[in-house]
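> CSV, C-alpha atoms, file target07.csv:
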chain,number,residue,atom,x,y,z
A,18,ALA,CA,0.0,0.0,0.0
A,19,PRO,CA,1.3,3.5,-0.8
A,20,LEU,CA,2.4,5.7,2.1
A,21,PRO,CA,0.2,8.7,3.1
A,22,ALA,CA,1.3,12.0,1.6
A,23,PRO,CA,2.8,13.4,4.9
A,24,LEU,CA,5.0,10.3,5.3
A,25,ARG,CA,6.1,10.4,1.6
A,26,SER,CA,7.3,14.0,2.1
A,27,CYS,CA,9.2,13.0,5.3
A,28,ARG,CA,11.0,10.2,3.5
A,29,ALA,CA,12.1,12.7,0.9
A,30,VAL,CA,13.8,14.9,3.5
A,31,GLY,CA,16.0,12.0,4.7
A,32,SER,CA,16.1,9.6,7.5
A,33,TYR,CA,15.3,10.7,11.1
A,34,ARG,CA,16.6,8.9,14.2
A,35,PRO,CA,14.7,10.0,17.3
A,36,SER,CA,16.7,10.5,20.5
A,37,TYR,CA,16.5,8.0,23.3
A,38,GLU,CA,14.5,10.5,25.3
A,39,GLU,CA,12.0,10.8,22.5
A,40,MET,CA,11.7,7.0,22.1
A,41,LEU,CA,11.1,6.7,25.9
A,42,ARG,CA,8.4,9.3,25.8
A,43,PHE,CA,6.7,7.5,22.9
A,44,TYR,CA,7.0,4.2,24.7
A,45,SER,CA,5.6,5.6,28.0
A,46,TYR,CA,2.7,7.3,26.4
A,47,TYR,CA,1.9,4.2,24.4
A,48,LYS,CA,2.0,2.0,27.4
A,49,GLN,CA,-0.1,4.4,29.5
A,50,ALA,CA,-2.7,4.7,26.7
A,51,THR,CA,-2.9,0.9,26.1
A,52,ALA,CA,-2.3,-0.6,29.6
A,53,GLY,CA,-2.9,2.2,32.0
A,54,ARG,CA,-0.8,3.0,35.0
A,55,CYS,CA,2.6,1.2,35.4
A,56,GLN,CA,2.1,-1.3,38.2
A,57,GLY,CA,4.7,-4.0,37.8
A,58,PRO,CA,7.9,-4.2,39.7
A,59,ARG,CA,10.9,-2.3,38.4
A,60,PRO,CA,13.3,-4.5,36.4
A,61,GLY,CA,16.5,-5.5,38.1
A,62,PHE,CA,20.0,-4.1,37.7
A,63,TRP,CA,20.9,-6.4,34.9
A,64,ASP,CA,18.1,-5.1,32.7
A,65,PRO,CA,19.0,-1.4,32.2
A,66,ILE,CA,16.8,-0.9,29.1
A,67,GLY,CA,13.8,-2.4,31.0
A,68,ARG,CA,14.6,0.0,33.9
A,69,TYR,CA,14.7,3.0,31.6
A,70,LYS,CA,11.4,2.0,30.0
A,71,TRP,CA,9.8,1.3,33.4
A,72,ASP,CA,11.0,4.6,34.8
A,73,ALA,CA,9.6,6.6,31.8
A,74,TRP,CA,6.2,4.8,32.1
A,75,HIS,CA,6.1,5.0,35.9
A,76,SER,CA,6.8,8.7,35.8
A,77,LEU,CA,3.4,9.3,34.1
A,78,GLY,CA,1.7,8.2,37.3
A,79,GLY,CA,-2.1,8.5,37.1
A,80,MET,CA,-2.2,10.2,33.7
A,81,SER,CA,-5.4,9.0,32.0
A,82,LYS,CA,-5.4,6.9,28.9
A,83,GLU,CA,-7.0,9.8,27.0
A,84,GLU,CA,-4.3,12.2,28.2
A,85,ALA,CA,-1.6,9.7,27.2
A,86,MET,CA,-3.1,9.4,23.7
A,87,ALA,CA,-3.2,13.2,23.3
A,88,ALA,CA,0.4,13.5,24.6
A,89,TYR,CA,1.6,10.8,22.1
A,90,VAL,CA,0.0,12.7,19.2
A,91,ALA,CA,1.5,16.0,20.4
A,92,GLU,CA,4.9,14.4,20.6
A,93,MET,CA,4.5,13.0,17.1
A,94,LYS,CA,3.6,16.5,15.8
A,95,LYS,CA,6.9,17.9,17.4
A,96,VAL,CA,8.9,15.2,15.6
A,97,ALA,CA,7.1,15.8,12.3
A,98,GLN,CA,8.0,19.5,12.6
A,99,LYS,CA,11.7,18.6,13.2
A,100,VAL,CA,11.7,16.3,10.1
A,101,THR,CA,9.9,18.6,7.7
A,102,GLY,CA,11.5,21.8,9.1
Write the structure described by the file as structure tokens, please.

Amino acid sequence: APLPAPLRSCRAVGSYRPSYEEMLRFYSYYKQATAGRCQGPRPGFWDPIGRYKWDAWHSLGGMSKEEAMAAYVAEMKKVAQKVTG
């Protein structure tokens, strides 16, 4: 299937690699929107990536699923502006 027009224009600009902080924000908003509040135990010392992800998600606290969805979209708009300039 062809890409939507906004994505085709982004591809023409060049590749974009989001920062680790951006990826963690996307992850945390996604998890909050789909699973709700972070309730599991924090991963152990030998799982640093899991700990970063858990910390990002846990930092959202009681944010509602709707707020998390809106924050995800707002973050995506910021990234789109960076890419398209």
> Hey, which of A:Tyr89, A:Tyr37, A:Phe43, A:Trp74 ends up closest to Gln56 of chain A? Count all atoms listed in the file.
A:Trp74
> Using all atoms listed in the file, which residue out of A:Tyr69, A:Tyr44, A:Tyr33, A:Trp63 lies closest to Glu92 of chain A?
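Closest candidate: A:Tyr44.
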> Please compute the atom CA of Thr51 of chain A-atom CA of Val90 of chain A distance, one decimal, in Å.
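Separating atom CA of Thr51 of chain A from atom CA of Val90 of chain A is a distance of 14.0 Å.
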> Between atom CA of Pro35 of chain A and atom CA of Gly79 of chain A, what is the spacing in Å?
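Here the two named atoms are 26.0 Å from each other.
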> Of the candidates A:Arg59, A:Lys82, A:Val100, A:Ser76, which shows the shortest atom-to-atom distance to Arg42 of chain A, using all atoms listed in the file?
A:Ser76
> Could you jot down the atom CA of Met93 of chain A to atom CA of Ser81 of chain A separation for me, Å, one decimal place?
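Atom-to-atom, atom CA of Met93 of chain A to atom CA of Ser81 of chain A, that is 18.3 Å.
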> Using all atoms listed in the file, which residue out of A:Asp64, A:Ser32, A:Met86, A:Asp72 lies closest to Tyr46 of chain A?
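Checking each candidate against Tyr46 of chain A, we get A:Met86 as the closest.
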> Could you tell me which of A:Leu41, A:Thr101, A:Arg34, A:Ala50 comes closest to Arg68 of chain A if we count only C-alpha atoms?
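Nearest candidate to Arg68 of chain A out of A:Leu41, A:Thr101, A:Arg34, A:Ala50: A:Leu41.
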> So, counting all atoms listed in the file, which residue among A:Gly67, A:Ser45, A:Gly78, A:Ser36 is closest to Val96 of chain A?
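The closest residue to Val96 of chain A is A:Ser36.
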> Might I get the box with edges along x, y and z of the file that holds all atoms of segment 49-60 of chain A listed there, padded by 3 Å on every side, given as centre and edge lengths in Å to one decimal, as AutoDock Vina command-line options?

--center_x 5.2 --center_y 0.1 --center_z 32.9 --size_x 22.2 --size_y 15.2 --size_z 19.6
> Can you take the partial segment 41-64 of chain A, add N, CA, C and O atoms, and return it as a JSON list (two decimals), in the frame of the given file?

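Contents of the output file rebuild_9.json:
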[["chain", "number", "residue", "atom", "x", "y", "z"],
["A", 41, "LEU", "N", 11.70, 7.02, 24.55],
["A", 41, "LEU", "CA", 11.10, 6.70, 25.90],
["A", 41, "LEU", "C", 9.81, 7.39, 26.10],
["A", 41, "LEU", "O", 8.89, 6.81, 26.68],
["A", 42, "ARG", "N", 9.69, 8.63, 25.64],
["A", 42, "ARG", "CA", 8.40, 9.30, 25.80],
["A", 42, "ARG", "C", 7.33, 8.62, 24.97],
["A", 42, "ARG", "O", 6.22, 8.39, 25.47],
["A", 43, "PHE", "N", 7.65, 8.25, 23.72],
["A", 43, "PHE", "CA", 6.70, 7.50, 22.90],
["A", 43, "PHE", "C", 6.28, 6.21, 23.58],
["A", 43, "PHE", "O", 5.10, 5.86, 23.64],
["A", 44, "TYR", "N", 7.26, 5.49, 24.07],
["A", 44, "TYR", "CA", 7.00, 4.20, 24.70],
["A", 44, "TYR", "C", 6.07, 4.42, 25.94],
["A", 44, "TYR", "O", 5.08, 3.71, 26.11],
["A", 45, "SER", "N", 6.41, 5.41, 26.78],
["A", 45, "SER", "CA", 5.60, 5.60, 28.00],
["A", 45, "SER", "C", 4.21, 6.04, 27.70],
["A", 45, "SER", "O", 3.26, 5.55, 28.32],
["A", 46, "TYR", "N", 4.02, 6.93, 26.72],
["A", 46, "TYR", "CA", 2.70, 7.30, 26.40],
["A", 46, "TYR", "C", 1.88, 6.17, 25.78],
["A", 46, "TYR", "O", 0.70, 5.99, 26.06],
["A", 47, "TYR", "N", 2.53, 5.36, 24.95],
["A", 47, "TYR", "CA", 1.90, 4.20, 24.40],
["A", 47, "TYR", "C", 1.41, 3.23, 25.45],
["A", 47, "TYR", "O", 0.27, 2.77, 25.45],
["A", 48, "LYS", "N", 2.31, 2.91, 26.37],
["A", 48, "LYS", "CA", 2.00, 2.00, 27.40],
["A", 48, "LYS", "C", 0.87, 2.51, 28.32],
["A", 48, "LYS", "O", -0.05, 1.78, 28.71],
["A", 49, "GLN", "N", 0.93, 3.80, 28.66],
["A", 49, "GLN", "CA", -0.10, 4.40, 29.50],
["A", 49, "GLN", "C", -1.44, 4.37, 28.79],
["A", 49, "GLN", "O", -2.47, 4.11, 29.41],
["A", 50, "ALA", "N", -1.43, 4.65, 27.48],
["A", 50, "ALA", "CA", -2.70, 4.70, 26.70],
["A", 50, "ALA", "C", -3.27, 3.29, 26.53],
["A", 50, "ALA", "O", -4.49, 3.13, 26.48],
["A", 51, "THR", "N", -2.44, 2.27, 26.42],
["A", 51, "THR", "CA", -2.90, 0.90, 26.10],
["A", 51, "THR", "C", -3.11, 0.06, 27.37],
["A", 51, "THR", "O", -4.00, -0.78, 27.42],
["A", 52, "ALA", "N", -2.25, 0.24, 28.38],
["A", 52, "ALA", "CA", -2.30, -0.60, 29.60],
["A", 52, "ALA", "C", -2.65, 0.11, 30.84],
["A", 52, "ALA", "O", -2.90, -0.54, 31.85],
["A", 53, "GLY", "N", -2.65, 1.43, 30.80],
["A", 53, "GLY", "CA", -2.90, 2.20, 32.00],
["A", 53, "GLY", "C", -1.68, 2.38, 32.86],
["A", 53, "GLY", "O", -0.56, 2.26, 32.38],
["A", 54, "ARG", "N", -1.90, 2.66, 34.12],
["A", 54, "ARG", "CA", -0.80, 3.00, 35.00],
["A", 54, "ARG", "C", 0.19, 1.82, 35.16],
["A", 54, "ARG", "O", -0.19, 0.65, 35.16],
["A", 55, "CYS", "N", 1.47, 2.17, 35.26],
["A", 55, "CYS", "CA", 2.60, 1.20, 35.40],
["A", 55, "CYS", "C", 2.44, 0.60, 36.85],
["A", 55, "CYS", "O", 2.51, 1.34, 37.83],
["A", 56, "GLN", "N", 2.26, -0.72, 36.94],
["A", 56, "GLN", "CA", 2.10, -1.30, 38.20],
["A", 56, "GLN", "C", 3.02, -2.47, 38.54],
["A", 56, "GLN", "O", 3.09, -2.93, 39.67],
["A", 57, "GLY", "N", 3.75, -2.93, 37.56],
["A", 57, "GLY", "CA", 4.70, -4.00, 37.80],
["A", 57, "GLY", "C", 5.90, -3.61, 38.54],
["A", 57, "GLY", "O", 6.16, -2.41, 38.71],
["A", 58, "PRO", "N", 6.67, -4.56, 39.01],
["A", 58, "PRO", "CA", 7.90, -4.20, 39.70],
["A", 58, "PRO", "C", 8.95, -3.66, 38.74],
["A", 58, "PRO", "O", 8.95, -3.97, 37.56],
["A", 59, "ARG", "N", 9.84, -2.83, 39.26],
["A", 59, "ARG", "CA", 10.90, -2.30, 38.40],
["A", 59, "ARG", "C", 11.90, -3.37, 38.08],
["A", 59, "ARG", "O", 12.30, -4.16, 38.95],
["A", 60, "PRO", "N", 12.30, -3.44, 36.81],
["A", 60, "PRO", "CA", 13.30, -4.50, 36.40],
["A", 60, "PRO", "C", 14.58, -4.34, 37.20],
["A", 60, "PRO", "O", 14.93, -3.25, 37.69],
["A", 61, "GLY", "N", 15.28, -5.43, 37.27],
["A", 61, "GLY", "CA", 16.50, -5.50, 38.10],
["A", 61, "GLY", "C", 17.70, -4.79, 37.40],
["A", 61, "GLY", "O", 17.64, -4.31, 36.27],
["A", 62, "PHE", "N", 18.78, -4.77, 38.14],
["A", 62, "PHE", "CA", 20.00, -4.10, 37.70],
["A", 62, "PHE", "C", 20.52, -4.60, 36.39],
["A", 62, "PHE", "O", 21.07, -3.82, 35.61],
["A", 63, "TRP", "N", 20.35, -5.86, 36.08],
["A", 63, "TRP", "CA", 20.90, -6.40, 34.90],
["A", 63, "TRP", "C", 20.03, -6.19, 33.64],
["A", 63, "TRP", "O", 20.31, -6.69, 32.55],
["A", 64, "ASP", "N", 18.98, -5.42, 33.79],
["A", 64, "ASP", "CA", 18.10, -5.10, 32.70],
["A", 64, "ASP", "C", 17.98, -3.54, 32.57],
["A", 64, "ASP", "O", 16.92, -2.97, 32.85]]
